[in-house]
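> To be precise about what I am sending: the file is called my_file-v5.cif and holds mmCIF, C-alpha atoms.
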data_protein
#
loop_
_atom_site.group_PDB
_atom_site.id
_atom_site.type_symbol
_atom_site.label_atom_id
_atom_site.label_comp_id
_atom_site.auth_asym_id
_atom_site.auth_seq_id
_atom_site.Cartn_x
_atom_site.Cartn_y
_atom_site.Cartn_z
ATOM 1 C CA MET P 833 79.097 157.362 77.883
ATOM 2 C CA ASP P 834 80.766 160.345 76.355
ATOM 3 C CA PHE P 835 84.422 159.756 75.447
ATOM 4 C CA SER P 836 84.897 163.046 73.603
ATOM 5 C CA TRP P 837 87.105 164.378 76.422
ATOM 6 C CA LEU P 838 89.474 161.446 75.770
ATOM 7 C CA LYS P 839 89.950 162.429 72.112
ATOM 8 C CA GLU P 840 90.593 166.053 73.075
ATOM 9 C CA ASN P 841 93.498 165.159 75.392
ATOM 10 C CA LYS P 842 95.987 163.361 73.103
ATOM 11 C CA LYS P 843 98.349 162.200 75.906
ATOM 12 C CA ILE P 844 95.617 160.338 77.771
ATOM 13 C CA TYR P 845 94.288 158.940 74.489
ATOM 14 C CA TYR P 846 97.664 157.470 73.490
ATOM 15 C CA LEU P 847 98.387 156.158 77.004
ATOM 16 C CA THR P 848 94.998 154.428 77.025
ATOM 17 C CA ILE P 849 95.684 152.809 73.636
ATOM 18 C CA ILE P 850 99.163 151.684 74.787
ATOM 19 C CA GLY P 851 97.692 150.303 78.029
ATOM 20 C CA ILE P 852 95.042 148.309 76.163
ATOM 21 C CA LEU P 853 97.636 146.917 73.730
ATOM 22 C CA ALA P 854 99.973 145.985 76.615
ATOM 23 C CA PHE P 855 97.104 144.202 78.378
ATOM 24 C CA ILE P 856 96.231 142.245 75.216
ATOM 25 C CA PHE P 857 99.913 141.358 74.686
ATOM 26 C CA LEU P 858 100.251 140.078 78.276
ATOM 27 C CA LEU P 859 97.055 138.071 77.944
ATOM 28 C CA ILE P 860 98.211 136.421 74.710
ATOM 29 C CA SER P 861 101.714 135.698 76.021
ATOM 30 C CA SER P 862 100.364 134.122 79.218
ATOM 31 C CA LEU P 863 98.033 131.887 77.194
ATOM 32 C CA GLY P 864 100.891 130.861 74.904
ATOM 33 C CA ASN P 865 103.184 129.904 77.803
ATOM 34 C CA SER P 866 100.553 128.020 79.780
ATOM 35 C CA GLY P 867 101.049 124.855 77.710
ATOM 36 C CA LYS P 868 104.811 124.879 78.238
ATOM 37 C CA ASN P 869 104.504 125.507 81.974
ATOM 38 C CA ASN P 870 101.949 122.742 82.355
ATOM 39 C CA ASP P 871 104.290 120.220 80.712
ATOM 40 C CA GLN P 872 107.071 121.168 83.104
ATOM 41 C CA ALA P 873 104.725 121.169 86.090
ATOM 42 C CA ASN P 874 103.395 117.719 85.171
ATOM 43 C CA TYR P 875 106.922 116.413 84.901
ATOM 44 C CA LEU P 876 108.047 117.826 88.232
ATOM 45 C CA ILE P 877 104.840 117.237 90.199
ATOM 46 C CA PRO P 878 102.715 114.631 88.447
ATOM 47 C CA ASP P 879 98.945 114.689 88.621
ATOM 48 C CA SER P 880 99.151 111.027 89.543
ATOM 49 C CA LYS P 881 100.622 111.979 92.932
ATOM 50 C CA VAL P 882 97.125 113.039 94.003
ATOM 51 C CA GLU P 883 95.854 109.748 92.651
ATOM 52 C CA THR P 884 98.622 107.946 94.514
ATOM 53 C CA ASN P 885 97.614 109.544 97.805
ATOM 54 C CA SER P 886 94.029 108.317 97.431
ATOM 55 C CA LYS P 887 95.354 104.883 96.464
ATOM 56 C CA LEU P 888 97.567 105.005 99.556
ATOM 57 C CA THR P 889 94.551 105.633 101.796
ATOM 58 C CA SER P 890 92.749 102.745 100.108
ATOM 59 C CA PHE P 891 95.819 100.562 100.571
ATOM 60 C CA VAL P 892 95.968 101.378 104.304
ATOM 61 C CA ASP P 893 92.312 100.461 104.724
ATOM 62 C CA ASP P 894 92.731 97.215 102.763
ATOM 63 C CA TYR P 895 95.941 96.309 104.603
ATOM 64 C CA SER P 896 94.352 96.978 108.002
ATOM 65 C CA GLU P 897 91.169 95.100 107.141
ATOM 66 C CA ASP P 898 93.113 92.097 105.834
ATOM 67 C CA LEU P 899 95.316 92.018 108.934
ATOM 68 C CA GLU P 900 92.273 92.222 111.217
ATOM 69 C CA LYS P 901 90.544 89.342 109.383
ATOM 70 C CA ARG P 902 93.635 87.129 109.445
ATOM 71 C CA LEU P 903 94.235 87.832 113.127
ATOM 72 C CA SER P 904 90.563 87.154 113.972
ATOM 73 C CA SER P 905 90.592 83.814 112.178
ATOM 74 C CA THR P 906 93.833 82.826 113.934
ATOM 75 C CA LEU P 907 92.601 83.843 117.391
ATOM 76 C CA LYS P 908 89.395 81.788 116.907
ATOM 77 C CA GLU P 909 91.571 78.678 116.795
ATOM 78 C CA ILE P 910 92.773 79.157 120.393
ATOM 79 C CA ASN P 911 91.234 76.687 122.840
ATOM 80 C CA GLY P 912 88.314 78.253 124.747
ATOM 81 C CA VAL P 913 87.787 81.114 122.286
ATOM 82 C CA GLY P 914 84.600 81.497 120.248
ATOM 83 C CA GLU P 915 83.748 84.373 117.908
ATOM 84 C CA VAL P 916 86.421 87.084 117.702
ATOM 85 C CA THR P 917 86.406 90.669 116.446
ATOM 86 C CA VAL P 918 89.686 92.574 116.087
ATOM 87 C CA MET P 919 90.250 96.298 115.549
ATOM 88 C CA ILE P 920 93.733 97.697 114.857
ATOM 89 C CA LYS P 921 94.609 101.397 115.063
ATOM 90 C CA TYR P 922 97.774 103.057 113.754
ATOM 91 C CA PHE P 923 99.734 106.147 114.795
ATOM 92 C CA SER P 924 100.040 107.230 111.160
ATOM 93 C CA SER P 925 99.739 106.001 107.606
ATOM 94 C CA PRO P 926 102.497 104.149 105.728
ATOM 95 C CA GLU P 927 105.366 106.275 104.494
ATOM 96 C CA MET P 928 106.422 105.931 100.881
ATOM 97 C CA ILE P 929 110.045 106.518 99.927
ATOM 98 C CA TYR P 930 110.332 107.559 96.294
ATOM 99 C CA ALA P 931 113.222 107.038 93.870
ATOM 100 C CA TYR P 932 115.281 110.052 92.840
ATOM 101 C CA ASN P 933 117.918 110.541 90.162
ATOM 102 C CA THR P 934 120.705 112.297 92.010
ATOM 103 C CA THR P 935 123.311 114.299 90.160
ATOM 104 C CA LYS P 936 126.348 115.601 92.014
ATOM 105 C CA GLU P 937 128.812 117.837 90.270
ATOM 106 C CA ASN P 938 132.054 119.107 91.774
ATOM 107 C CA LYS P 939 134.220 121.569 89.872
ATOM 108 C CA VAL P 940 137.597 122.789 91.115
ATOM 109 C CA THR P 941 139.287 125.693 89.348
ATOM 110 C CA GLU P 942 142.792 126.846 90.202
ATOM 111 C CA GLU P 943 143.909 130.253 88.985
ATOM 112 C CA LYS P 944 147.363 131.807 89.106
ATOM 113 C CA ASP P 945 147.932 135.471 88.510
ATOM 114 C CA THR P 946 151.069 137.139 87.158
ATOM 115 C CA ALA P 947 152.120 138.289 90.625
ATOM 116 C CA GLY P 948 152.438 134.662 91.797
ATOM 117 C CA GLY P 949 149.181 134.471 93.752
ATOM 118 C CA ASN P 950 147.008 131.358 93.687
ATOM 119 C CA ARG P 951 143.265 131.145 93.944
ATOM 120 C CA THR P 952 141.203 127.942 94.166
ATOM 121 C CA ILE P 953 137.477 127.953 93.408
ATOM 122 C CA ASN P 954 135.303 124.995 94.482
ATOM 123 C CA GLU P 955 131.861 124.733 92.919
ATOM 124 C CA GLN P 956 129.428 122.041 94.029
ATOM 125 C CA ARG P 957 126.033 121.357 92.540
ATOM 126 C CA ASP P 958 123.531 118.748 93.716
ATOM 127 C CA ALA P 959 120.292 117.998 91.888
ATOM 128 C CA ASN P 960 117.537 115.534 92.780
ATOM 129 C CA GLU P 961 114.857 114.607 90.286
ATOM 130 C CA LEU P 962 111.863 112.392 91.066
ATOM 131 C CA VAL P 963 111.836 109.210 88.948
ATOM 132 C CA ILE P 964 108.508 108.863 87.154
ATOM 133 C CA ILE P 965 107.276 105.997 84.994
ATOM 134 C CA GLN P 966 104.354 105.980 82.631
ATOM 135 C CA ASN P 967 101.734 103.402 83.476
ATOM 136 C CA SER P 968 101.096 101.223 80.417
ATOM 137 C CA SER P 969 97.426 100.634 81.257
ATOM 138 C CA SER P 970 96.612 104.339 81.512
ATOM 139 C CA THR P 971 98.020 107.677 80.480
ATOM 140 C CA SER P 972 98.922 108.702 84.027
ATOM 141 C CA ASN P 973 102.445 108.951 85.374
ATOM 142 C CA GLN P 974 103.461 107.233 88.605
ATOM 143 C CA PRO P 975 106.429 107.974 90.863
ATOM 144 C CA VAL P 976 108.684 104.968 91.490
ATOM 145 C CA ILE P 977 108.397 103.713 95.071
ATOM 146 C CA VAL P 978 111.655 102.326 96.481
ATOM 147 C CA LYS P 979 110.378 101.351 99.907
ATOM 148 C CA ARG P 980 107.168 101.387 101.931
ATOM 149 C CA VAL P 981 107.557 101.885 105.686
ATOM 150 C CA GLU P 982 104.648 100.278 107.510
ATOM 151 C CA PRO P 983 102.911 102.380 110.171
ATOM 152 C CA GLU P 984 103.396 101.737 113.866
ATOM 153 C CA ILE P 985 100.415 100.140 115.590
ATOM 154 C CA SER P 986 98.997 102.334 118.357
ATOM 155 C CA GLY P 987 96.559 99.809 119.764
ATOM 156 C CA VAL P 988 94.629 96.587 119.270
ATOM 157 C CA LEU P 989 91.161 95.825 120.581
ATOM 158 C CA VAL P 990 90.097 92.175 120.723
ATOM 159 C CA VAL P 991 86.498 91.300 121.590
ATOM 160 C CA ALA P 992 86.151 87.542 122.008
ATOM 161 C CA GLU P 993 83.796 84.923 123.378
ATOM 162 C CA GLY P 994 85.539 83.213 126.271
ATOM 163 C CA ALA P 995 87.665 86.266 127.165
ATOM 164 C CA GLU P 996 85.955 86.456 130.564
ATOM 165 C CA ILE P 997 88.253 83.600 131.635
ATOM 166 C CA ALA P 998 91.630 85.028 132.723
ATOM 167 C CA ALA P 999 93.703 82.212 131.178
ATOM 168 C CA VAL P 1000 92.009 82.656 127.776
ATOM 169 C CA ARG P 1001 92.435 86.430 127.972
ATOM 170 C CA ALA P 1002 96.161 85.967 128.725
ATOM 171 C CA GLN P 1003 96.520 83.620 125.742
ATOM 172 C CA LEU P 1004 94.817 86.161 123.469
ATOM 173 C CA VAL P 1005 97.103 88.977 124.657
ATOM 174 C CA LYS P 1006 100.198 86.796 124.187
ATOM 175 C CA ALA P 1007 99.076 85.724 120.693
ATOM 176 C CA VAL P 1008 98.441 89.314 119.544
ATOM 177 C CA GLN P 1009 101.703 90.428 121.122
ATOM 178 C CA THR P 1010 103.608 87.726 119.245
ATOM 179 C CA VAL P 1011 101.949 88.213 115.852
ATOM 180 C CA LEU P 1012 102.090 92.023 115.759
ATOM 181 C CA ASN P 1013 105.292 92.481 117.786
ATOM 182 C CA ILE P 1014 103.765 95.110 120.072
ATOM 183 C CA PRO P 1015 103.877 95.498 123.869
ATOM 184 C CA SER P 1016 101.001 94.115 125.933
ATOM 185 C CA TYR P 1017 99.917 97.553 127.191
ATOM 186 C CA ARG P 1018 98.730 98.358 123.641
ATOM 187 C CA ILE P 1019 96.405 95.341 123.609
ATOM 188 C CA ASN P 1020 92.954 95.345 125.187
ATOM 189 C CA VAL P 1021 90.974 92.084 125.323
ATOM 190 C CA LEU P 1022 87.298 92.243 126.270
ATOM 191 C CA PRO P 1023 84.640 89.529 126.577
ATOM 192 C CA LYS P 1024 82.003 89.452 123.862
ATOM 193 C CA GLY P 1025 78.448 90.143 124.998
ATOM 194 C CA ARG P 1026 75.840 87.508 124.344
#
The structure given in the file should be rewritten as structure tokens.


Amino acid sequence: MDFSWLKENKKIYYLTIIGILAFIFLLISSLGNSGKNNDQANYLIPDSKVETNSKLTSFVDDYSEDLEKRLSSTLKEINGVGEVTVMIKYFSSPEMIYAYNTTKENKVTEEKDTAGGNRTINEQRDANELVIIQNSSSTSNQPVIVKRVEPEISGVLVVAEGAEIAAVRAQLVKAVQTVLNIPSYRINVLPKGR
């Protein structure tokens, strides 16, 4: 490429040099600030939150599986019931309520002017900051969970030997209704095929 025309026109030459220097300056300054911004971003939105969400999904699966196993083993003990399989479905996943440091600041300023007029200024400032602890076993940060709200059960399917008998089926429905505190229309009991 021939850049001789650029050297002949001094204005374009200097503007090009200034543009290149400005680009290099912006590139260097953005690289220098990236470390500071990452520290702030990690503090405000920890990387562990993504980890926590995957742990939450695992927790839901484990919780559901454990509940199904315990309910199956309990239902097997009912007179006239053989093998039992239980499946529980939820409307949603558990909701986690996180701890926040809340700062409320209220400032009232009263001003009087020389003419005898009064002016009152009310300033209010509220700030919420997520409470994060560092896990001692790893280098990840974890938000502090204050409360876990369990999900609402949308339905229960019970497949059991002996459920073809109406009295046994009624006992199974009543048992599930009592243990899970859900209405009977969310419970379906079917006989197990042989």

> What residues come out when you apply the PyMOL selection byres ((chain P and resi 926-934) around 7) to this file, written as a PyMOL selection string?

chain P and resi 924-925+935-936+959-963+975-983

> Would you kindly return, as an MDAnalysis selection string, each protein, DNA or RNA residue with an atom no farther than 10 Å from any atom of Lys901 in chain P, considering all atoms listed in the file and excluding same-chain residues fewer than 6 positions away?

chainID P and resid 907 916:919

> Could you tell me how far CA of Glu937 in chain P lies from CA of Gln956 in chain P, in Å and to one decimal?

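Answer for the CA of Glu937 in chain P to CA of Gln956 in chain P separation: 5.7 Å.
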
> Kindly provide, as JSON, the centre and edge lengths (Å, one decimal) of an axis-aligned box around all atoms of range 839-853 of chain P given in the file, with 6 Å on each side.


{"center_x": 94.6, "center_y": 156.5, "center_z": 75.1, "size_x": 21.2, "size_y": 31.1, "size_z": 17.9}

> With only C-alpha atoms as the atoms that count, which of P:Val1011, P:Val1021, P:Val988, P:Ile850 lies nearest to Phe923 in chain P?

P:Val988
